[in-house]
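See structure below.
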Amino acid sequence: MAKNLSFSYSKLGMYKECPQKYKFRYVHMLPEKPKYYFAFGTALHAVMEFIFNPQRPGFPSLQEALQFFDSEWNKTTFEQKGYASVEKELEGFAEGRRILETYYAKNEASFVHPLSVEMKSTLETDGLSLISILDRMDYLGDGKIKILDYKTGKTVQREPTQLYMYQKVVENSPVIKALVQAKDPSVKEVRVGEMSFYHLPTLTELKFERAPDKEIFAFWQGVLDVAGNIRAGKFDPTPGETQCKFCDYRNLCPVFTGKEYDGPGGYGARKKTVLPSPDFPPAPEKPAAAPQSEPDQLSEKIDRLGELIDEQRRLEQEIIALMQKNKFARHFGKAFQAELTDEEKIQISDEEKVVALLQKLNLLEKVLAPTRTTVARLLDDETVSAQDKAKLKVLVQKINVPRLIVEKQS
Ligand code: SF4
């Protein structure tokens, strides 16, 4: 018997956006590049979980919440978070702290413990393993639940699909029912009483009523249709200006390359594709391609090299994140070993301003040429006054960035 297809709101959203994109992400298992807005949202979700953890007696102070946020934030570098620069990352960090300060100022007096926070629920139904992470659930009494979803983007709007998915999960999950019954043994049936999106940047709440059963039924038929298409291997691309512009898979996509992507092995004469799940039958073989001209071979090799470089960068970021998370300085594979060190880098926010400042402070003659290294040396130069160093430090910073060395084991 085929195992249940693992499914979620985000998978549904991606398939609806473009089935080919879904295939890259969940069939070929190619990760997307990190996105700063996800990293920002993840850090804020983690701190909300910390504040409202139902197992903890009382609530942390603002200072404790800020400290927790700082440590969550500093688990990854700006690149791992997907920020374009350290400055942008610092802006995100400052915005996260501002949100927490205003959240406490507005809500601290009315903090109450919820039924659950960040509850990962898996509902096995209709051949699907439906996975949802419910940011917060409150028990309203009489078997009724309030579902609250934190939003951290620029705007917040009603997303019926997400609300329907939550309602389907909450009202059918035996785990959630058991959780409610542990609090209120008289409950026979769990129902959604209220759903809301809480927009953290503006501290505004959008409340929604429970959707009628008729709407949930129609929504669920749509989910089952999508699941059926996935099982049938239907992944035709649906290109569009916006989704393609921001798609990480453009350089692999048949819409742009004119060729079917076959997995890490590359394009060309198709090899038998090994798909990761019995839910995905292999696509039919295509006839062998005609011999390629040398310019075509060259283009293909350039594309392949680009893919490998992208893949290398992704892997490096994942390895660094895992080693930092586990506090490993060194780790061994079967044939290779990885070592993680810190490398000091010099960061200059505005080179023209640095040159102007060096001229003003009569320090330009101390450096043969104002490069990052020579300017950074001035910060350690005993003949440069502390006052001048302080002025320089506004524009020139030493930062530590992780450096990964991967070598073959001897
Ligand atoms: S580039 Fe466009 S068509 Fe291709 S996978 Fe991405 S979104 Fe789909």
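As shown in the structure tokens, the chain order sets the letters A, B, ...; within each chain, residues go from 1, and ligands are also counted from 1 in the order they appear.
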Given 12 Å and only C-alpha atoms and all ligand atoms, residues near ligand 1 as JSON, numbers by chain = {"A": [14, 15, 16, 17, 18, 19, 20, 21, 22, 23, 24, 25, 30, 32, 235, 236, 237, 238, 239, 240, 241, 242, 243, 244, 245, 246, 247, 248, 249, 250, 251, 252, 253, 254, 255, 256, 257, 258, 259, 260, 261]}
task = Considering only C-alpha atoms, return as a PyMOL selection string whatever protein or nucleic-acid residues lie within 10 Å of stretch 220-223 of chain A, sequence-local ones (same chain, fewer than 3 positions apart) excluded.
result = chain A and resi 7-9+12+126+128+161+164-165+168+214-217+226-229
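The residue that comes closest to A:Lys75, out of A:Asn326, A:Gln337, A:Gln347, A:Gln162 and on the basis of only C-alpha atoms, is A:Asn326.
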task = Determine, counting only C-alpha atoms, which protein, DNA and RNA residues have an atom within 10 Å of an atom of A:Gly333; residues of the same chain fewer than 4 positions away are not included. Present the result as an NGL selection string.
result = :A and (337-338 or 406 or 408-409)
Go ahead and dump the residues you just picked, C-alpha atoms, as a PDB file, in the first residue's frame.
ATOM      1  CA  GLN A 337      36.271  16.106   7.300  1.00  0.00           C
ATOM      2  CA  ALA A 338      34.997  19.605   7.939  1.00  0.00           C
ATOM      3  CA  VAL A 406      36.532  20.653   3.972  1.00  0.00           C
ATOM      4  CA  LYS A 408      39.858  14.631   2.401  1.00  0.00           C
ATOM      5  CA  GLN A 409      40.690  12.502   5.413  1.00  0.00           C
TER       6      GLN A 409
END
Which of stretch 83-299 of chain A DSSP labels strand (DSSP E), written as number ranges by chain = A: 116-125, 128-141, 144-151, 191-199, 204-208
What would the file look like if the residues just selected were written as a tab-separated table (two decimals), in the first residue's frame with N, CA and C atoms?
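The result, written out as out.tsv:
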chain	number	residue	atom	x	y	z
A	116	SER	N	-1.59	25.64	23.71
A	116	SER	CA	-0.33	25.13	23.12
A	116	SER	C	0.34	26.25	22.34
A	117	VAL	N	1.65	26.08	22.13
A	117	VAL	CA	2.39	27.00	21.24
A	117	VAL	C	3.21	26.16	20.27
A	118	GLU	N	3.30	26.65	19.04
A	118	GLU	CA	4.11	25.99	17.99
A	118	GLU	C	3.87	24.48	17.98
A	119	MET	N	2.61	24.11	18.01
A	119	MET	CA	2.29	22.68	18.05
A	119	MET	C	2.33	22.10	16.63
A	120	LYS	N	3.19	21.10	16.46
A	120	LYS	CA	3.26	20.44	15.16
A	120	LYS	C	2.25	19.30	15.17
A	121	SER	N	1.30	19.41	14.28
A	121	SER	CA	0.24	18.40	14.26
A	121	SER	C	0.25	17.67	12.92
A	122	THR	N	0.15	16.36	12.97
A	122	THR	CA	0.07	15.58	11.72
A	122	THR	C	-1.26	14.84	11.71
A	123	LEU	N	-2.05	15.15	10.72
A	123	LEU	CA	-3.36	14.51	10.60
A	123	LEU	C	-3.30	13.52	9.43
A	124	GLU	N	-3.55	12.25	9.74
A	124	GLU	CA	-3.54	11.22	8.68
A	124	GLU	C	-4.97	11.09	8.16
A	125	THR	N	-5.19	11.51	6.94
A	125	THR	CA	-6.55	11.43	6.41
A	125	THR	C	-6.54	11.38	4.89
A	128	LEU	N	-3.40	11.28	3.00
A	128	LEU	CA	-2.45	12.38	3.21
A	128	LEU	C	-1.98	12.42	4.65
A	129	SER	N	-0.72	12.77	4.84
A	129	SER	CA	-0.23	13.14	6.17
A	129	SER	C	-0.17	14.64	6.17
A	130	LEU	N	-1.17	15.25	6.75
A	130	LEU	CA	-1.31	16.70	6.68
A	130	LEU	C	-0.57	17.34	7.85
A	131	ILE	N	0.50	18.05	7.55
A	131	ILE	CA	1.33	18.60	8.62
A	131	ILE	C	1.04	20.09	8.78
A	132	SER	N	0.75	20.48	10.01
A	132	SER	CA	0.53	21.91	10.30
A	132	SER	C	1.29	22.29	11.55
A	133	ILE	N	1.82	23.49	11.55
A	133	ILE	CA	2.40	24.01	12.79
A	133	ILE	C	1.51	25.15	13.23
A	134	LEU	N	0.86	24.94	14.37
A	134	LEU	CA	-0.11	25.92	14.87
A	134	LEU	C	0.62	26.82	15.86
A	135	ASP	N	0.73	28.09	15.50
A	135	ASP	CA	1.54	29.01	16.32
A	135	ASP	C	1.03	29.07	17.76
A	136	ARG	N	-0.30	29.20	17.89
A	136	ARG	CA	-0.85	29.30	19.25
A	136	ARG	C	-2.31	28.87	19.22
A	137	MET	N	-2.70	28.07	20.24
A	137	MET	CA	-4.11	27.71	20.38
A	137	MET	C	-4.54	28.07	21.80
A	138	ASP	N	-5.70	28.70	21.90
A	138	ASP	CA	-6.29	29.02	23.21
A	138	ASP	C	-7.58	28.23	23.36
A	139	TYR	N	-7.82	27.78	24.58
A	139	TYR	CA	-9.08	27.07	24.81
A	139	TYR	C	-10.13	28.07	25.26
A	140	LEU	N	-11.26	28.11	24.53
A	140	LEU	CA	-12.31	29.09	24.85
A	140	LEU	C	-13.40	28.48	25.73
A	141	GLY	N	-13.31	27.17	26.02
A	141	GLY	CA	-14.35	26.49	26.79
A	141	GLY	C	-15.36	25.84	25.87
A	144	LYS	N	-14.40	24.60	22.37
A	144	LYS	CA	-14.04	25.55	21.30
A	144	LYS	C	-12.61	26.05	21.45
A	145	ILE	N	-11.96	26.18	20.29
A	145	ILE	CA	-10.55	26.58	20.24
A	145	ILE	C	-10.42	27.90	19.48
A	146	LYS	N	-9.48	28.71	19.95
A	146	LYS	CA	-9.08	29.88	19.14
A	146	LYS	C	-7.71	29.57	18.54
A	147	ILE	N	-7.60	29.71	17.22
A	147	ILE	CA	-6.31	29.50	16.56
A	147	ILE	C	-5.72	30.87	16.25
A	148	LEU	N	-4.47	31.07	16.64
A	148	LEU	CA	-3.82	32.36	16.35
A	148	LEU	C	-2.55	32.10	15.55
A	149	ASP	N	-2.42	32.83	14.47
A	149	ASP	CA	-1.24	32.67	13.61
A	149	ASP	C	-0.49	34.01	13.57
A	150	TYR	N	0.80	33.98	13.92
A	150	TYR	CA	1.57	35.23	13.91
A	150	TYR	C	2.02	35.52	12.48
A	151	LYS	N	1.89	36.78	12.10
A	151	LYS	CA	2.36	37.23	10.78
A	151	LYS	C	3.46	38.27	11.00
A	191	ARG	N	-14.20	22.09	18.23
A	191	ARG	CA	-14.63	22.97	17.14
A	191	ARG	C	-13.81	24.25	17.18
A	192	VAL	N	-13.64	24.84	16.02
A	192	VAL	CA	-12.94	26.13	15.99
A	192	VAL	C	-13.94	27.21	16.40
A	193	GLY	N	-13.58	28.01	17.41
A	193	GLY	CA	-14.46	29.09	17.85
A	193	GLY	C	-14.07	30.39	17.15
A	194	GLU	N	-12.78	30.54	16.94
A	194	GLU	CA	-12.29	31.80	16.35
A	194	GLU	C	-10.92	31.55	15.74
A	195	MET	N	-10.63	32.28	14.66
A	195	MET	CA	-9.28	32.20	14.08
A	195	MET	C	-8.78	33.62	13.92
A	196	SER	N	-7.50	33.81	14.13
A	196	SER	CA	-6.99	35.17	13.94
A	196	SER	C	-5.57	35.18	13.43
A	197	PHE	N	-5.27	36.23	12.68
A	197	PHE	CA	-3.89	36.51	12.27
A	197	PHE	C	-3.43	37.67	13.13
A	198	TYR	N	-2.31	37.49	13.81
A	198	TYR	CA	-1.79	38.60	14.63
A	198	TYR	C	-0.55	39.15	13.93
A	199	HIS	N	-0.65	40.39	13.46
A	199	HIS	CA	0.45	41.02	12.72
A	199	HIS	C	1.38	41.71	13.72
A	204	THR	N	-1.51	44.35	15.27
A	204	THR	CA	-2.94	44.34	14.96
A	204	THR	C	-3.41	42.90	14.73
A	205	GLU	N	-4.66	42.68	15.14
A	205	GLU	CA	-5.21	41.34	15.04
A	205	GLU	C	-6.39	41.34	14.07
A	206	LEU	N	-6.36	40.40	13.13
A	206	LEU	CA	-7.49	40.23	12.20
A	206	LEU	C	-8.22	38.96	12.62
A	207	LYS	N	-9.48	39.11	12.98
A	207	LYS	CA	-10.22	37.94	13.48
A	207	LYS	C	-11.17	37.41	12.41
A	208	PHE	N	-11.31	36.10	12.40
A	208	PHE	CA	-12.20	35.46	11.43
A	208	PHE	C	-13.07	34.44	12.14
key: Polymer residues at most 12 Å from stretch 370-386 of chain A, only C-alpha atoms, same-chain spacing of 3 or more positions, as a VMD selection string   = chain A and resid 344 to 359 361 to 367 389 to 399
message = Run DSSP on the backbone and tell me which residues of stretch 57-172 of chain A come out as alpha helix (DSSP H); list them as a PyMOL selection string.
response = chain A and resi 62-73+78-81+86-107+160-172
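The two atoms in question, atom CA of A:Ala39 and atom CA of A:Ile405, are spaced 25.1 Å apart.
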message = Using only C-alpha atoms, which protein or nucleic acid residues come within 9 Å of A:Leu44? Drop anything in the same chain fewer than 6 positions from it, and give the result as a PyMOL selection string.
response = chain A and resi 69+72+96+99-100+150+152+200
Take the residues from that selection and write them out as an mmCIF file, in the first residue's frame, keeping N, CA and C atoms.
data_model
loop_
_atom_site.group_PDB
_atom_site.id
_atom_site.type_symbol
_atom_site.label_atom_id
_atom_site.label_comp_id
_atom_site.auth_asym_id
_atom_site.auth_seq_id
_atom_site.Cartn_x
_atom_site.Cartn_y
_atom_site.Cartn_z
ATOM 1 N N PHE A 69 15.754 36.513 22.140
ATOM 2 C CA PHE A 69 15.728 36.925 20.736
ATOM 3 C C PHE A 69 17.155 37.115 20.212
ATOM 4 N N GLU A 72 18.756 33.722 19.623
ATOM 5 C CA GLU A 72 18.190 33.068 18.425
ATOM 6 C C GLU A 72 18.754 33.709 17.166
ATOM 7 N N GLY A 96 13.198 43.613 14.984
ATOM 8 C CA GLY A 96 12.716 42.538 15.858
ATOM 9 C C GLY A 96 12.653 43.005 17.312
ATOM 10 N N ILE A 99 9.770 45.405 17.798
ATOM 11 C CA ILE A 99 8.475 44.713 17.856
ATOM 12 C C ILE A 99 8.257 44.132 19.254
ATOM 13 N N LEU A 100 9.295 43.510 19.806
ATOM 14 C CA LEU A 100 9.142 42.900 21.139
ATOM 15 C C LEU A 100 8.866 43.960 22.203
ATOM 16 N N TYR A 150 0.800 33.979 13.922
ATOM 17 C CA TYR A 150 1.574 35.225 13.908
ATOM 18 C C TYR A 150 2.023 35.524 12.484
ATOM 19 N N THR A 152 4.507 38.161 10.204
ATOM 20 C CA THR A 152 5.639 39.077 10.414
ATOM 21 C C THR A 152 6.031 39.818 9.136
ATOM 22 N N LEU A 200 2.522 41.059 13.966
ATOM 23 C CA LEU A 200 3.423 41.551 15.016
ATOM 24 C C LEU A 200 3.997 42.946 14.713
#
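Among the candidates A:Gly92, A:Phe336, A:Pro34, A:Leu298, the residue lying nearest to A:Asp70 is A:Gly92 (atoms considered: only C-alpha atoms).
Distance check against A:Lys3 using only C-alpha atoms: of A:His45, A:Arg231, A:His113, A:His331, the minimum falls on A:Arg231.
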query = What's the 12 Å shell around A:Tyr104, counting only C-alpha atoms, without same-chain residues fewer than 3 positions away, as an NGL selection string?
reply = :A and (48 or 51 or 59-66 or 97-101 or 107-111 or 200 or 203)
Written file, previous selection with C-alpha atoms, as a compact mmCIF listing (two decimals), in the first residue's frame:
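Written out: selection_33.txt:
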# COMPACT_ATOMS: atom_id res chain seq x y z
CA MET A 48 6.77 34.09 21.07
CA ILE A 51 7.24 33.86 26.10
CA PHE A 59 6.18 34.78 31.86
CA PRO A 60 9.68 36.03 31.05
CA SER A 61 10.44 39.73 31.50
CA LEU A 62 10.99 41.92 28.46
CA GLN A 63 14.72 41.77 29.19
CA GLU A 64 14.68 37.96 29.16
CA ALA A 65 12.64 37.91 25.96
CA LEU A 66 15.09 40.30 24.30
CA ARG A 97 13.70 44.20 19.15
CA ARG A 98 11.36 47.13 18.47
CA ILE A 99 8.47 44.71 17.86
CA LEU A 100 9.14 42.90 21.14
CA GLU A 101 9.36 46.14 23.12
CA ASN A 107 0.15 43.24 25.99
CA GLU A 108 2.24 42.29 29.01
CA ALA A 109 -0.50 43.10 31.53
CA SER A 110 -2.89 40.67 29.81
CA PHE A 111 -0.52 37.73 29.14
CA LEU A 200 3.42 41.55 15.02
CA LEU A 203 0.38 44.72 16.74
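Checking A:Phe78, A:Lys360, A:Pro402, A:Leu5 one by one against A:Ile319, counting only C-alpha atoms, you find the shortest gap at A:Pro402.
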